[in-house]
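To keep things clear, I will list the structure first and then write my remarks on it.
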Amino acid sequence: MSRRSGILEFAVLGLLRESPMHGYELRKRLNTSLGVFRAFSYGTLYPCLKTLVANGWLIEEPGNTPEDALAAPLAGRRAKIVYRLTAEGKEHFEDLLSQTGPDAYEDEHFAARFAFFGQTSRDVRMRVLEGRRSRLEERLEKMRASLARTRERLDDYTLELQRHGMESVEREVRWLNELIESERAGRDLKGSASGGSAQQNTSGASGVLPRPGDTPGTDTPDDTTT
């Protein structure tokens with residue numbers, strides 16, 4: 001399983017832990033609430049769902065809303081499928097939440113992990129935040145060293161771009177310092193439910209937020225069956 005598909009599976013399980021959804025609802029939540037997935041092709045979601053069902057972590061159920069009930073007789077098509085997290089799926093997601101390895105500090109994975117911090121224990125949150133800060137401090141040191149070596153060979157615009165990148169990483173390090181201080185003081189962030197805080201606080205330059213111009217893929221399956 002690739003790193004990107006692993007992030008998607010993690011996010012899908014986390015969203016379905018909140019409530020069952022059909023495919024269109026999941027796509028919408030991934031796109032609007034978890035902005036990091038705006039660059040994902042929608043065509044990757046449905047194979048992901050099928051894999052999770054095959055693993056026993058999700059089950060498929062017929063939609064039970066009035067709109068779903070009318071879908072088949074009115075349009076001659078099947079009602080939308082609702083995906084529900086199984087007990088095994090919940091256990092698997094909780095295991096993923098407890099992991100604090102290097103992948104948790106990487107740009108896209110960190111954004112997804114942070115989006116579900118409201119469901120994560122404080123000690124795990126601390127390890128992920130401290131790991132992310134350490135990773136960015138290493139990145140910042142390399143950027144400074146590179147700039148010092150190449151400063152004289154860069155034109156003004158390239159130099160300004162590099163400075164902008166450094167400032168963005170520095171801002172995220174300051175933000176992480178504030179979060180870590182709050183965690184150590186035992187304070188919880190208000191509004192830290194999945195999606196909201198990650199989009200508001202993480203730094204776009206370090207790859208956590210979606211990049212300007214990112215658009216969803218066009219290979220969208222027929223929504224009527226999911």
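Following the order of the structure tokens, first chain is A, next is B, and so on, with residues numbered from 1 inside each chain and ligands from 1 in the order they appear.
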
Residues at most 8 Å from Leu13 of chain A, counting only C-alpha atoms, excluding those fewer than 3 positions away in the same chain, as a PDB file with all heavy atoms, in the first residue's frame?
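Contents of the output file around-v4.pdb:
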```pdb
ATOM      1  N   GLU A   9      -7.082   5.973   3.286  1.00  0.00           N
ATOM      2  CA  GLU A   9      -7.785   4.971   4.087  1.00  0.00           C
ATOM      3  C   GLU A   9      -7.955   5.458   5.531  1.00  0.00           C
ATOM      4  O   GLU A   9      -9.013   5.271   6.136  1.00  0.00           O
ATOM      5  CB  GLU A   9      -7.027   3.646   4.048  1.00  0.00           C
ATOM      6  CG  GLU A   9      -7.098   2.952   2.697  1.00  0.00           C
ATOM      7  CD  GLU A   9      -6.470   1.577   2.719  1.00  0.00           C
ATOM      8  OE1 GLU A   9      -6.083   1.099   3.812  1.00  0.00           O
ATOM      9  OE2 GLU A   9      -6.361   0.965   1.639  1.00  0.00           O
ATOM     10  N   PHE A  10      -6.910   6.059   6.076  1.00  0.00           N
ATOM     11  CA  PHE A  10      -6.979   6.589   7.433  1.00  0.00           C
ATOM     12  C   PHE A  10      -8.094   7.627   7.550  1.00  0.00           C
ATOM     13  O   PHE A  10      -8.904   7.596   8.492  1.00  0.00           O
ATOM     14  CB  PHE A  10      -5.628   7.214   7.802  1.00  0.00           C
ATOM     15  CG  PHE A  10      -5.622   7.965   9.105  1.00  0.00           C
ATOM     16  CD1 PHE A  10      -5.448   7.297  10.306  1.00  0.00           C
ATOM     17  CD2 PHE A  10      -5.776   9.345   9.128  1.00  0.00           C
ATOM     18  CE1 PHE A  10      -5.439   7.989  11.505  1.00  0.00           C
ATOM     19  CE2 PHE A  10      -5.768  10.042  10.321  1.00  0.00           C
ATOM     20  CZ  PHE A  10      -5.594   9.361  11.510  1.00  0.00           C
ATOM     21  N   LEU A  16     -15.843   7.934   8.839  1.00  0.00           N
ATOM     22  CA  LEU A  16     -16.934   6.987   9.056  1.00  0.00           C
ATOM     23  C   LEU A  16     -17.074   6.607  10.521  1.00  0.00           C
ATOM     24  O   LEU A  16     -18.122   6.097  10.930  1.00  0.00           O
ATOM     25  CB  LEU A  16     -16.728   5.741   8.197  1.00  0.00           C
ATOM     26  CG  LEU A  16     -16.897   5.964   6.693  1.00  0.00           C
ATOM     27  CD1 LEU A  16     -16.582   4.692   5.923  1.00  0.00           C
ATOM     28  CD2 LEU A  16     -18.318   6.437   6.379  1.00  0.00           C
ATOM     29  N   ARG A  17     -16.056   6.847  11.302  1.00  0.00           N
ATOM     30  CA  ARG A  17     -16.198   6.626  12.745  1.00  0.00           C
ATOM     31  C   ARG A  17     -17.202   7.614  13.329  1.00  0.00           C
ATOM     32  O   ARG A  17     -17.886   7.322  14.305  1.00  0.00           O
ATOM     33  CB  ARG A  17     -14.850   6.786  13.441  1.00  0.00           C
ATOM     34  CG  ARG A  17     -14.870   6.364  14.900  1.00  0.00           C
ATOM     35  CD  ARG A  17     -13.573   6.695  15.585  1.00  0.00           C
ATOM     36  NE  ARG A  17     -13.506   6.159  16.937  1.00  0.00           N
ATOM     37  CZ  ARG A  17     -12.605   6.499  17.828  1.00  0.00           C
ATOM     38  NH1 ARG A  17     -11.667   7.376  17.508  1.00  0.00           N
ATOM     39  NH2 ARG A  17     -12.600   5.961  19.037  1.00  0.00           N
ATOM     40  N   LEU A  85     -18.750   1.777   9.459  1.00  0.00           N
ATOM     41  CA  LEU A  85     -17.552   1.224  10.087  1.00  0.00           C
ATOM     42  C   LEU A  85     -17.933   0.011  10.930  1.00  0.00           C
ATOM     43  O   LEU A  85     -18.899   0.047  11.693  1.00  0.00           O
ATOM     44  CB  LEU A  85     -16.910   2.298  10.974  1.00  0.00           C
ATOM     45  CG  LEU A  85     -15.471   2.073  11.447  1.00  0.00           C
ATOM     46  CD1 LEU A  85     -14.512   2.109  10.269  1.00  0.00           C
ATOM     47  CD2 LEU A  85     -15.084   3.149  12.461  1.00  0.00           C
ATOM     48  N   GLY A  89     -13.126  -2.369  12.028  1.00  0.00           N
ATOM     49  CA  GLY A  89     -12.655  -1.130  11.435  1.00  0.00           C
ATOM     50  C   GLY A  89     -12.365  -0.074  12.477  1.00  0.00           C
ATOM     51  O   GLY A  89     -11.373   0.663  12.376  1.00  0.00           O
ATOM     52  N   LYS A  90     -13.209   0.000  13.490  1.00  0.00           N
ATOM     53  CA  LYS A  90     -12.977   0.957  14.576  1.00  0.00           C
ATOM     54  C   LYS A  90     -11.693   0.612  15.320  1.00  0.00           C
ATOM     55  O   LYS A  90     -10.891   1.501  15.644  1.00  0.00           O
ATOM     56  CB  LYS A  90     -14.157   0.947  15.542  1.00  0.00           C
ATOM     57  CG  LYS A  90     -14.007   1.935  16.695  1.00  0.00           C
ATOM     58  CD  LYS A  90     -15.223   1.906  17.610  1.00  0.00           C
ATOM     59  CE  LYS A  90     -15.050   2.886  18.763  1.00  0.00           C
ATOM     60  NZ  LYS A  90     -16.217   2.863  19.688  1.00  0.00           N
ATOM     61  N   PHE A  93      -8.754   1.610  13.148  1.00  0.00           N
ATOM     62  CA  PHE A  93      -8.542   3.060  13.136  1.00  0.00           C
ATOM     63  C   PHE A  93      -7.897   3.527  14.435  1.00  0.00           C
ATOM     64  O   PHE A  93      -6.998   4.370  14.428  1.00  0.00           O
ATOM     65  CB  PHE A  93      -9.876   3.780  12.917  1.00  0.00           C
ATOM     66  CG  PHE A  93      -9.737   5.280  12.924  1.00  0.00           C
ATOM     67  CD1 PHE A  93      -9.070   5.945  11.903  1.00  0.00           C
ATOM     68  CD2 PHE A  93     -10.271   6.033  13.970  1.00  0.00           C
ATOM     69  CE1 PHE A  93      -8.938   7.328  11.911  1.00  0.00           C
ATOM     70  CE2 PHE A  93     -10.145   7.409  13.983  1.00  0.00           C
ATOM     71  CZ  PHE A  93      -9.473   8.065  12.955  1.00  0.00           C
TER      72      PHE A  93
END
```

### Query
What are the DSSP alpha helix (DSSP H) residues of segment 62-150 of chain A, as number ranges by chain?
A: 66-75, 87-98, 107-115, 122-150

Could you name the residues that touch Glu60 of chain A at 12 Å or less, counting only C-alpha atoms, but leaving out those on the same chain fewer than 6 positions away, as a compact mmCIF listing (two decimals) with C-alpha atoms, in the first residue's frame?
```txt
# COMPACT_ATOMS: atom_id res chain seq x y z
CA LEU A 16 -16.93 6.99 9.06
CA PRO A 20 -22.09 6.22 8.27
CA MET A 21 -22.01 7.99 4.89
CA HIS A 22 -22.49 7.23 1.24
CA GLY A 23 -19.77 7.86 -1.31
CA LEU A 49 -13.75 1.83 -0.15
CA LYS A 50 -13.82 -1.58 -1.83
CA THR A 51 -10.50 -2.46 -0.21
CA LEU A 52 -11.74 -1.44 3.22
CA VAL A 53 -14.88 -3.54 2.72
CA ALA A 54 -12.79 -6.52 1.62
CA ALA A 79 -30.18 3.39 -4.39
CA LYS A 80 -26.98 4.82 -3.00
CA ILE A 81 -24.79 2.58 -0.87
CA VAL A 82 -24.05 3.66 2.68
CA TYR A 83 -20.69 2.71 4.19
CA ARG A 84 -20.59 1.85 7.89
CA LEU A 85 -17.55 1.22 10.09
CA THR A 86 -17.39 -2.26 11.61
CA THR A 225 -24.44 3.64 -6.70
CA THR A 226 -22.39 4.98 -3.80
```

### Query
Closest to Leu161 of chain A among A:Met143, A:Ala185, A:His109, A:Pro62, using only C-alpha atoms?
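Closest residue, counting only C-alpha atoms: A:Met143.
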
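If only C-alpha atoms are the atoms counted, then among A:His164, A:Asn31, A:Tyr46, A:Leu96 the closest residue to Val124 of chain A is A:Leu96.
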
#### Entry: Å distance separating atom CA of Arg127 of chain A from atom CA of Arg184 of chain A, one decimal place
11.4 Å
